[in-house]
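Scroll down for the structure; my scribbles are underneath it.
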Amino acid sequence: MSTQQDRLQQFRALHAVGDTLVLPNAWDAASARMVQELGARALATSSAGVAWCHGYPDGDVVPNDVAFTAVKEIQRTISLPLSVDSEGGYSDDPHKVTAFVLQLIELGVVGINLEDGKSDPYLLCRKIIAIKQAAKAMGADVFVNARCDVYLQNLVPDDKKLAEIIRRGQLYRDAGADGLFTPAMHDLKEIREVVATIDLPVNILAMRVVPPIAELKSVGVRRVSIGAITARSAYGAALRGVTKLLKDGIYEELFATSGDCPNFNDYFAK
């Protein structure tokens with residue numbers, strides 16, 4: 001049976017230069033196992049999807065024990081490397097964030113996303129440093145994917161965004177980050193410049209305006225994730241079907257997609 005360190009080594013290898021790791025984000029044990037069965041090489045969670053299915057809004061408000069239990073349920077049903085979207089670590093205190101991440105490592109998690117949001121970027125640096133030092137002290141490690149929200153949160157004027165994301169990327173790299181996540185970036189020239197400047201695997205979030213994976217790969221992107229879109233698409237299909245059921249008393253919309261549902265009884269019996 002593979003250890004956390006075995007899976008971490010496997011996960012790092014998936015970020016090799018010239019390769020692009022595609023991560024369809026999951027939000028519960030069923031969606032995670034389905035993604036594994038469909039041939040994914042690694043798995044990642046969606047913080048929004050996890051929050052919603054447990055009755056919380058997205059945005060660093062899910063209690064640590066709820067987030068941890070959700071990850072534990074996912075980890076129990078898969079064998080692939082798992083990276084966890086930890087938002088801001090559910091605290092501004094680097095020590096509390098580190099304690100949570102160490103729990104994830106002990107569970108077998110190999111990676112985390114950790115975001116700066118609207119906070120001072122040096123706070124994320126302190127979190128990364130604390131995590132790396134604590135993990136090393138216990139003879140372990142974790143792939144820290146530093147999420148930089150310059151574009152997503154419109155933190156600076158448009159003409160300053162590229163320079164600011166490069167500045168922050170350098171800070172996070174020097175603090176010990178293993179990857180740089182730049183959600184809402186979509187211009188290939190800008191992405192190419194970030195890839196060339198920051199000596200880290202760059203992660204792009206799939207959005208309607210983002211070019212196809214083949215084009216992202218051509219400019220050196222080594223990781224593409226889908227975020228909450230998998231959860232949104234599932235809930236969107238349910239919303240359409242239930243709306244028709246309640247409003248018109250018909251079932252066709254529900255049956256249109258229900259036949260595509262995997263046989264989870266078979267999955268979990270394995």
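Every chain in the structure tokens has a letter given in the order shown (A, B, ...), and although residue numbers restart at 1 in each chain, ligands are simply numbered from 1 in the order shown.
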(request) Considering only C-alpha atoms, return as number ranges by chain whatever protein or nucleic-acid residues lie within 10 Å of Gly89 in chain A, sequence-local ones (same chain, fewer than 4 positions apart) excluded. (result) A: 60, 64, 85, 93-94, 96-101, 112-116, 124, 127
If you run DSSP over the backbone, which residues in range 48-254 of chain A end up strand (DSSP E)? Put them as a list of chain:residue names.
A:Leu82, A:Ser83, A:Val84, A:Asp85, A:Gly111, A:Ile112, A:Asn113, A:Leu114, A:Glu115, A:Phe143, A:Val144, A:Asn145, A:Ala146, A:Arg147, A:Gly179, A:Leu180, A:Phe181, A:Val202, A:Asn203, A:Ile204, A:Leu205, A:Arg223, A:Val224, A:Ser225
Go ahead and save the residues from that selection, with N, CA and C atoms, as a PDB file, in the first residue's frame.
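Output (out.pdb):
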```
ATOM      1  N   LEU A  82      -4.066  13.054  -3.652  1.00  0.00           N
ATOM      2  CA  LEU A  82      -5.142  14.008  -3.395  1.00  0.00           C
ATOM      3  C   LEU A  82      -4.577  15.341  -2.926  1.00  0.00           C
ATOM      4  N   SER A  83      -5.009  16.409  -3.590  1.00  0.00           N
ATOM      5  CA  SER A  83      -4.690  17.769  -3.162  1.00  0.00           C
ATOM      6  C   SER A  83      -5.970  18.428  -2.666  1.00  0.00           C
ATOM      7  N   VAL A  84      -5.855  19.168  -1.573  1.00  0.00           N
ATOM      8  CA  VAL A  84      -7.036  19.740  -0.923  1.00  0.00           C
ATOM      9  C   VAL A  84      -7.033  21.260  -1.051  1.00  0.00           C
ATOM     10  N   ASP A  85      -8.113  21.804  -1.569  1.00  0.00           N
ATOM     11  CA  ASP A  85      -8.284  23.255  -1.601  1.00  0.00           C
ATOM     12  C   ASP A  85      -8.607  23.716  -0.183  1.00  0.00           C
ATOM     13  N   GLY A 111      -1.122  17.380  -1.249  1.00  0.00           N
ATOM     14  CA  GLY A 111      -1.028  18.767  -1.677  1.00  0.00           C
ATOM     15  C   GLY A 111      -2.146  19.615  -1.110  1.00  0.00           C
ATOM     16  N   ILE A 112      -1.901  20.919  -1.088  1.00  0.00           N
ATOM     17  CA  ILE A 112      -2.935  21.867  -0.673  1.00  0.00           C
ATOM     18  C   ILE A 112      -2.892  23.080  -1.585  1.00  0.00           C
ATOM     19  N   ASN A 113      -4.049  23.707  -1.765  1.00  0.00           N
ATOM     20  CA  ASN A 113      -4.113  25.060  -2.305  1.00  0.00           C
ATOM     21  C   ASN A 113      -4.229  25.996  -1.116  1.00  0.00           C
ATOM     22  N   LEU A 114      -3.494  27.078  -1.147  1.00  0.00           N
ATOM     23  CA  LEU A 114      -3.551  28.066  -0.076  1.00  0.00           C
ATOM     24  C   LEU A 114      -3.571  29.437  -0.738  1.00  0.00           C
ATOM     25  N   GLU A 115      -4.611  30.222  -0.468  1.00  0.00           N
ATOM     26  CA  GLU A 115      -4.820  31.459  -1.219  1.00  0.00           C
ATOM     27  C   GLU A 115      -4.460  32.708  -0.425  1.00  0.00           C
ATOM     28  N   PHE A 143       2.858  19.391  -1.084  1.00  0.00           N
ATOM     29  CA  PHE A 143       2.936  20.269  -2.252  1.00  0.00           C
ATOM     30  C   PHE A 143       2.019  21.470  -2.001  1.00  0.00           C
ATOM     31  N   VAL A 144       2.624  22.646  -1.795  1.00  0.00           N
ATOM     32  CA  VAL A 144       1.847  23.864  -1.528  1.00  0.00           C
ATOM     33  C   VAL A 144       1.649  24.613  -2.847  1.00  0.00           C
ATOM     34  N   ASN A 145       0.414  24.674  -3.292  1.00  0.00           N
ATOM     35  CA  ASN A 145       0.042  25.402  -4.495  1.00  0.00           C
ATOM     36  C   ASN A 145      -0.471  26.767  -4.041  1.00  0.00           C
ATOM     37  N   ALA A 146       0.354  27.806  -4.202  1.00  0.00           N
ATOM     38  CA  ALA A 146       0.005  29.138  -3.720  1.00  0.00           C
ATOM     39  C   ALA A 146      -0.949  29.807  -4.703  1.00  0.00           C
ATOM     40  N   ARG A 147      -2.170  30.086  -4.228  1.00  0.00           N
ATOM     41  CA  ARG A 147      -3.160  30.724  -5.096  1.00  0.00           C
ATOM     42  C   ARG A 147      -3.061  32.232  -4.969  1.00  0.00           C
ATOM     43  N   GLY A 179       4.012  25.436  -6.252  1.00  0.00           N
ATOM     44  CA  GLY A 179       3.283  25.763  -7.470  1.00  0.00           C
ATOM     45  C   GLY A 179       2.621  27.117  -7.307  1.00  0.00           C
ATOM     46  N   LEU A 180       2.254  27.732  -8.430  1.00  0.00           N
ATOM     47  CA  LEU A 180       1.572  29.029  -8.415  1.00  0.00           C
ATOM     48  C   LEU A 180       0.256  28.902  -9.172  1.00  0.00           C
ATOM     49  N   PHE A 181      -0.838  29.180  -8.481  1.00  0.00           N
ATOM     50  CA  PHE A 181      -2.185  29.097  -9.034  1.00  0.00           C
ATOM     51  C   PHE A 181      -2.663  30.519  -9.314  1.00  0.00           C
ATOM     52  N   VAL A 202       2.869  26.386 -13.098  1.00  0.00           N
ATOM     53  CA  VAL A 202       1.764  27.340 -13.080  1.00  0.00           C
ATOM     54  C   VAL A 202       0.451  26.608 -13.314  1.00  0.00           C
ATOM     55  N   ASN A 203      -0.527  26.921 -12.473  1.00  0.00           N
ATOM     56  CA  ASN A 203      -1.854  26.302 -12.485  1.00  0.00           C
ATOM     57  C   ASN A 203      -2.865  27.332 -12.990  1.00  0.00           C
ATOM     58  N   ILE A 204      -3.610  26.975 -14.032  1.00  0.00           N
ATOM     59  CA  ILE A 204      -4.651  27.842 -14.577  1.00  0.00           C
ATOM     60  C   ILE A 204      -6.020  27.248 -14.271  1.00  0.00           C
ATOM     61  N   LEU A 205      -6.965  28.120 -13.934  1.00  0.00           N
ATOM     62  CA  LEU A 205      -8.343  27.699 -13.675  1.00  0.00           C
ATOM     63  C   LEU A 205      -9.140  27.735 -14.967  1.00  0.00           C
ATOM     64  N   ARG A 223      -0.475  22.712 -15.029  1.00  0.00           N
ATOM     65  CA  ARG A 223      -1.611  22.221 -14.247  1.00  0.00           C
ATOM     66  C   ARG A 223      -2.851  23.034 -14.607  1.00  0.00           C
ATOM     67  N   VAL A 224      -3.958  22.333 -14.834  1.00  0.00           N
ATOM     68  CA  VAL A 224      -5.242  22.976 -15.129  1.00  0.00           C
ATOM     69  C   VAL A 224      -6.294  22.353 -14.231  1.00  0.00           C
ATOM     70  N   SER A 225      -7.028  23.195 -13.520  1.00  0.00           N
ATOM     71  CA  SER A 225      -8.101  22.692 -12.662  1.00  0.00           C
ATOM     72  C   SER A 225      -9.417  23.348 -13.055  1.00  0.00           C
TER      73      SER A 225
END
```
query: Could you pull the residues within 9 Å of Val71 in chain A, counting only C-alpha atoms, minus those fewer than 6 positions along the same chain, as a ChimeraX atom specification?
result: /A:27-29,45,50,84,104,107,109
Tell me, as a ChimeraX atom specification, which residues lie within 12 Å of Val17 in chain A, counting only C-alpha atoms; anything in the same chain fewer than 3 positions away does not count. /A:12-14,20-21,195-196,199-202,217-223
How would the residues just picked look written out with C-alpha atoms as a PDB file, in the first residue's frame?
```pdb
ATOM      1  CA  ARG A  12       5.308  16.008  -8.078  1.00  0.00           C
ATOM      2  CA  ALA A  13       6.187  13.967 -11.157  1.00  0.00           C
ATOM      3  CA  LEU A  14       2.827  14.890 -12.693  1.00  0.00           C
ATOM      4  CA  THR A  20      -0.021  19.283 -18.042  1.00  0.00           C
ATOM      5  CA  LEU A  21      -1.890  17.771 -15.121  1.00  0.00           C
ATOM      6  CA  VAL A 195       5.578  30.688 -16.721  1.00  0.00           C
ATOM      7  CA  ALA A 196       8.908  32.054 -17.978  1.00  0.00           C
ATOM      8  CA  ASP A 199      10.297  28.894 -11.689  1.00  0.00           C
ATOM      9  CA  LEU A 200       7.259  26.964 -10.483  1.00  0.00           C
ATOM     10  CA  PRO A 201       4.523  24.890 -12.133  1.00  0.00           C
ATOM     11  CA  VAL A 202       1.764  27.340 -13.080  1.00  0.00           C
ATOM     12  CA  LYS A 217       0.226  23.408 -22.581  1.00  0.00           C
ATOM     13  CA  SER A 218       1.909  25.100 -25.540  1.00  0.00           C
ATOM     14  CA  VAL A 219       2.854  28.084 -23.343  1.00  0.00           C
ATOM     15  CA  GLY A 220       4.147  25.904 -20.519  1.00  0.00           C
ATOM     16  CA  VAL A 221       1.158  25.561 -18.180  1.00  0.00           C
ATOM     17  CA  ARG A 222       1.695  22.442 -16.084  1.00  0.00           C
ATOM     18  CA  ARG A 223      -1.611  22.221 -14.247  1.00  0.00           C
TER      19      ARG A 223
END
```
For Leu102 in chain A, the closest of A:Glu190, A:Glu252, A:Asp260, A:Asp141 counting only C-alpha atoms is A:Asp141
Students should find that CA of Arg7 in chain A and CA of Tyr172 in chain A are spaced 23.5 Å
### Message
Please compute the CA of Val110 in chain A-CA of Cys148 in chain A distance, one decimal, in Å.
### Response
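These atoms are spaced 20.0 Å apart.
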key: Gln10 in chain A environment, 10 Å, only C-alpha atoms, sequence neighbours closer than 6 positions dropped, as a ChimeraX atom specification   = /A:4,41-42,80-81,110
C-alpha atoms of the current selection, written as a short mmCIF file (atom, residue, chain, number, x, y, z; two decimals), in the first residue's frame:
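Below is the file result-v7.cif, written as the result:
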```cif
data_model
loop_
_atom_site.label_atom_id
_atom_site.label_comp_id
_atom_site.auth_asym_id
_atom_site.auth_seq_id
_atom_site.Cartn_x
_atom_site.Cartn_y
_atom_site.Cartn_z
CA GLN A 4 1.83 9.66 1.65
CA ARG A 41 -4.09 10.90 -12.73
CA ALA A 42 -4.65 12.79 -9.47
CA LEU A 80 -4.78 8.51 -6.32
CA PRO A 81 -2.78 11.47 -4.96
CA VAL A 110 -0.15 15.20 -0.74
#
```
I need the residues in range 56-267 of chain A that are helix (DSSP H, G or I) according to DSSP; give them as an NGL selection string. :A and (64-76 or 94-107 or 121-137 or 158-175 or 188-197 or 213-218 or 229-248 or 252-258 or 264-267)
Distance query Gly227 in chain A at most 9 Å, only C-alpha atoms, self and fewer than 5 positions along chain excluded, as a ChimeraX atom specification: /A:23-26,44-49,205-206
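Remark: for Ala175 in chain A, the closest of the candidate residues A:Ala234, A:Ile226, A:Glu106, A:Cys125 is A:Cys125 (distances computed over only C-alpha atoms).
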Restricting to only C-alpha atoms, whichever of A:Ala269, A:Val150, A:Ala16, A:Ala70 is closest to Pro183 in chain A is A:Val150
(message) What's around Gly39 in chain A at 12 Å? Count only C-alpha atoms, leave out sequence neighbours fewer than 4 positions away in its own chain, and write the answer as a list of chain:residue names.
(response) A:Val22, A:Leu23, A:Pro24, A:Ala32, A:Arg33, A:Met34, A:Val35, A:Leu43, A:Ser79, A:Leu80
